[in-house]
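Student: One structure follows; several queries about it will come next.
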Amino acid sequence: MSQSNTSIYGGQAVIEGVMFAGRNVHVTAVRKKDRTIDFLEVPKTEIGWVNKLKKIPLLRGIVGIIESSAKGAQHLNFSAESFAEEEEGEGKTPAKEEKSGFSLSMILGVAVVGVLSFLMGKVIFTLVPAVLEDVMFGKFFEQHQIWHNIIEGLIKIVLLVSYIYIISLTPVIKRLFQYHGAEHKVISAYEAGVELNVRNVQQFSTLHYRCGSSFIVFTVIIGVIIYSFFTYDNMIDRIVQRLVLLPVIIGVSYEVLRFTNSLREVPVLRFLGYPGLWLQKLTTKEPTDDQVEVSIASFNRMREAESRLTQSKASA
């Protein structure tokens, strides 16, 4: 997810743990009730035609989002199963051992669910604001569709912020957002070159420029701009137009996110990433020392696995 050579790792909060992605492996660390930390390592698989698509502007954004959704779903499933099995007091059964290996059928099944969930959510948050705007303001600004697009974007932001705020009030999501904050703190501490211990990591912010929250905000802003280049005659045309343009908006938003990341060290242009940082005020929360410890463990385990796999490839 990162673009610079000093910050090559992406992260993601999962239930009671954190997943970090390196160049060659994804690692999830989950805190168990006996205070030990359970790990899942999943090496990245190289698919030729997918790697080629990742090098094509606009298309690489769509591929990256789909791949991230699929991989995130796999690790979320591992985290959820670990937590559920402890709740049942069953411990680690042979079935769990088999699942930890991630058979091909299991990987495909969970990946498909993850991708479909992302696409469904994107479709819902694309169409509902358009319908609401038409119902509430359809009779206004008849000759100025740009205003309808702007209002639609504002409704989308209000719905998004309201949804995130409401779910953040639940205990499970609150802890998820705390782990999200812990993940950001660890990445920031690593990029700053400090020793990764709880005391040092806790001194950093829960906000980070490369977070997926920034991408969500960019899709709303870019959507308003792109919609302005097209006209529609009725609500059906508007809905079809939104669905057809969705891949374009995702692709362009990804490129804009990459561009703003490259400018985050330029004082005058840092404001381009501020909308995403503002949304992170909702999607991250201050983590406990225990949660930071799990995040550090996940990150260190990922780096160890990266080193091991790199040496293995070099000797092959």
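All residue names refer to the structure tokens as shown: chains lettered A, B, ... in order, residues numbered from 1 in each chain, ligands numbered from 1 in order.
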Within 12 Å of A:Ile236, counting only C-alpha atoms, which residues qualify if same-chain residues fewer than 6 places away don't, as number ranges by chain?

Tutor: A: 127, 130-131, 134, 242-243

Student: Would you list the contacts of stretch 273-280 of chain A as a list in words, taking every protein, DNA or RNA residue within 8 Å and counting only C-alpha atoms, but skipping same-chain residues closer than 5 positions in sequence?

Tutor: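 Listed by chain and then number, they are Val161, Leu207, His208, Tyr209, Cys211, Ser213, Ser214, Phe215, Ile216, Val217, Phe218, Thr260, Asn261 and Arg264 of chain A.
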
Student: How would the residues just chosen look if you wrote them out with N, CA, C and O atoms as an mmCIF file, in the first residue's frame?

Tutor:
```cif
data_model
loop_
_atom_site.group_PDB
_atom_site.id
_atom_site.type_symbol
_atom_site.label_atom_id
_atom_site.label_comp_id
_atom_site.auth_asym_id
_atom_site.auth_seq_id
_atom_site.Cartn_x
_atom_site.Cartn_y
_atom_site.Cartn_z
ATOM 1 N N VAL A 161 -20.351 9.279 7.155
ATOM 2 C CA VAL A 161 -19.898 9.688 8.485
ATOM 3 C C VAL A 161 -20.867 9.195 9.557
ATOM 4 O O VAL A 161 -20.441 8.702 10.617
ATOM 5 N N LEU A 207 -3.373 8.725 13.204
ATOM 6 C CA LEU A 207 -3.686 9.119 11.828
ATOM 7 C C LEU A 207 -2.500 8.850 10.916
ATOM 8 O O LEU A 207 -1.346 9.026 11.307
ATOM 9 N N HIS A 208 -2.791 8.416 9.675
ATOM 10 C CA HIS A 208 -1.728 8.140 8.713
ATOM 11 C C HIS A 208 -2.223 8.425 7.309
ATOM 12 O O HIS A 208 -3.347 8.090 6.957
ATOM 13 N N TYR A 209 -1.362 9.041 6.496
ATOM 14 C CA TYR A 209 -1.746 9.489 5.163
ATOM 15 C C TYR A 209 -2.191 8.346 4.250
ATOM 16 O O TYR A 209 -3.057 8.549 3.395
ATOM 17 N N CYS A 211 -3.799 5.617 4.785
ATOM 18 C CA CYS A 211 -4.940 4.821 5.239
ATOM 19 C C CYS A 211 -6.024 4.739 4.166
ATOM 20 O O CYS A 211 -6.231 5.668 3.390
ATOM 21 N N SER A 213 -9.040 5.050 4.605
ATOM 22 C CA SER A 213 -10.066 6.058 4.852
ATOM 23 C C SER A 213 -9.925 7.215 3.879
ATOM 24 O O SER A 213 -10.916 7.805 3.435
ATOM 25 N N SER A 214 -8.679 7.561 3.534
ATOM 26 C CA SER A 214 -8.438 8.633 2.574
ATOM 27 C C SER A 214 -9.003 8.261 1.212
ATOM 28 O O SER A 214 -9.571 9.097 0.507
ATOM 29 N N PHE A 215 -8.876 6.997 0.858
ATOM 30 C CA PHE A 215 -9.398 6.532 -0.424
ATOM 31 C C PHE A 215 -10.913 6.694 -0.482
ATOM 32 O O PHE A 215 -11.458 7.099 -1.520
ATOM 33 N N ILE A 216 -11.605 6.384 0.610
ATOM 34 C CA ILE A 216 -13.060 6.512 0.644
ATOM 35 C C ILE A 216 -13.479 7.952 0.373
ATOM 36 O O ILE A 216 -14.409 8.212 -0.395
ATOM 37 N N VAL A 217 -12.790 8.897 1.024
ATOM 38 C CA VAL A 217 -13.126 10.310 0.832
ATOM 39 C C VAL A 217 -12.868 10.730 -0.600
ATOM 40 O O VAL A 217 -13.666 11.447 -1.214
ATOM 41 N N PHE A 218 -11.761 10.268 -1.174
ATOM 42 C CA PHE A 218 -11.429 10.641 -2.545
ATOM 43 C C PHE A 218 -12.460 10.128 -3.545
ATOM 44 O O PHE A 218 -12.744 10.794 -4.546
ATOM 45 N N THR A 260 -1.244 12.236 -3.911
ATOM 46 C CA THR A 260 -1.224 13.009 -2.664
ATOM 47 C C THR A 260 -0.231 12.418 -1.669
ATOM 48 O O THR A 260 0.385 13.150 -0.889
ATOM 49 N N ASN A 261 -0.067 11.082 -1.678
ATOM 50 C CA ASN A 261 0.920 10.462 -0.793
ATOM 51 C C ASN A 261 2.326 10.940 -1.117
ATOM 52 O O ASN A 261 3.155 11.154 -0.232
ATOM 53 N N ARG A 264 2.996 14.401 0.471
ATOM 54 C CA ARG A 264 2.701 14.627 1.887
ATOM 55 C C ARG A 264 3.836 15.319 2.632
ATOM 56 O O ARG A 264 3.626 15.838 3.731
#
```

Student: With distances taken over only C-alpha atoms, which of A:Lys156, A:His148, A:Arg258, A:Lys33 is nearest to A:Lys122?

Tutor: A:Lys156

Student: For A:Val201, list every protein, DNA or RNA residue within 12 Å, evaluated using only C-alpha atoms, and leave out those in the same chain fewer than 5 positions away; present the list as a list of chain:residue names.

Tutor: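 Everything that qualifies: A:Gly181, A:Ala182, A:Glu183, A:His184, A:Lys185, A:Val186, A:Ile187, A:Ser188, A:Ala189, A:Tyr190, A:Glu191, A:Ala192, A:Gly193, A:Val194, A:Glu195, A:Leu196, A:Thr206, A:Glu286, A:Pro287, A:Thr288, A:Asp289, A:Asp290, A:Gln291, A:Val292, A:Glu293, A:Val294, A:Ser295, A:Ile296.
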
Student: So, counting only C-alpha atoms, which residue among A:Val248, A:Ile146, A:Ala305, A:Leu257 is closest to A:Ile62?

Tutor: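 Among the listed residues, A:Val248 lies closest to A:Ile62.
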
Student: Please list as a CSV table (one decimal) with all heavy atoms, in the first residue's frame every residue within 8 Å of A:Ser228, counting only C-alpha atoms and excluding residues in the same chain fewer than 4 positions away.

Tutor:
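Here's the written file selection_35.csv:
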```csv
chain,number,residue,atom,x,y,z
A,145,GLN,N,-27.4,20.4,-13.5
A,145,GLN,CA,-27.1,19.1,-12.9
A,145,GLN,C,-25.9,19.1,-12.0
A,145,GLN,O,-25.8,18.2,-11.1
A,145,GLN,CB,-27.0,18.0,-14.0
A,145,GLN,CG,-28.3,17.7,-14.7
A,145,GLN,CD,-28.2,16.5,-15.6
A,145,GLN,OE1,-27.2,16.0,-15.8
A,145,GLN,NE2,-29.4,16.2,-16.2
A,146,ILE,N,-25.0,20.0,-12.1
A,146,ILE,CA,-23.8,20.1,-11.3
A,146,ILE,C,-24.2,20.2,-9.8
A,146,ILE,O,-23.6,19.7,-8.9
A,146,ILE,CB,-22.9,21.2,-11.8
A,146,ILE,CG1,-21.7,21.3,-10.8
A,146,ILE,CG2,-23.6,22.6,-11.7
A,146,ILE,CD1,-20.8,20.2,-10.9
A,149,ASN,N,-25.2,17.0,-8.5
A,149,ASN,CA,-24.0,16.1,-8.2
A,149,ASN,C,-23.4,16.5,-6.9
A,149,ASN,O,-22.9,15.7,-6.1
A,149,ASN,CB,-23.0,16.3,-9.3
A,149,ASN,CG,-23.5,15.7,-10.6
A,149,ASN,OD1,-24.4,14.8,-10.7
A,149,ASN,ND2,-23.0,16.2,-11.8
A,224,VAL,N,-18.0,13.4,-7.7
A,224,VAL,CA,-18.7,14.6,-8.0
A,224,VAL,C,-18.1,15.3,-9.3
A,224,VAL,O,-18.8,15.7,-10.2
A,224,VAL,CB,-18.6,15.6,-6.8
A,224,VAL,CG1,-19.1,17.0,-7.2
A,224,VAL,CG2,-19.4,15.1,-5.6
```

Student: Set the distance at 8 Å and use only C-alpha atoms: which residues neighbour A:Arg31 once local chain neighbours fewer than 3 positions away are removed? I'd like the list as a list of chain:residue names.

Tutor: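 The residues satisfying every condition are A:Glu16, A:Gly17, A:Arg35, A:Thr36, A:Ile37, A:Asp38, A:Val294.
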
Student: To one decimal place in Å, what is the distance between atom CA of A:Pro57 and atom CA of A:Ile226?

Tutor: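 Atom CA of A:Ile226 lies 16.9 Å from atom CA of A:Pro57.
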
Student: Near A:Gln143, within 12 Å and counting only C-alpha atoms, which residues show up once chain neighbours fewer than 6 positions away are dropped, as an mmCIF file with C-alpha atoms, in the first residue's frame?

Tutor:
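Okay, this is what ended up in out.cif:
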```
data_model
loop_
_atom_site.group_PDB
_atom_site.id
_atom_site.type_symbol
_atom_site.label_atom_id
_atom_site.label_comp_id
_atom_site.auth_asym_id
_atom_site.auth_seq_id
_atom_site.Cartn_x
_atom_site.Cartn_y
_atom_site.Cartn_z
ATOM 1 C CA THR A 231 -25.734 14.350 -18.273
ATOM 2 C CA TYR A 232 -28.802 12.196 -17.658
ATOM 3 C CA ASP A 233 -32.455 12.485 -18.604
#
```

Student: Provide the atom CA of A:Asn300 to atom CA of A:Ile173 distance in Å, to one decimal place.

Tutor: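 Result for atom CA of A:Asn300 versus atom CA of A:Ile173: 24.9 Å, one decimal.
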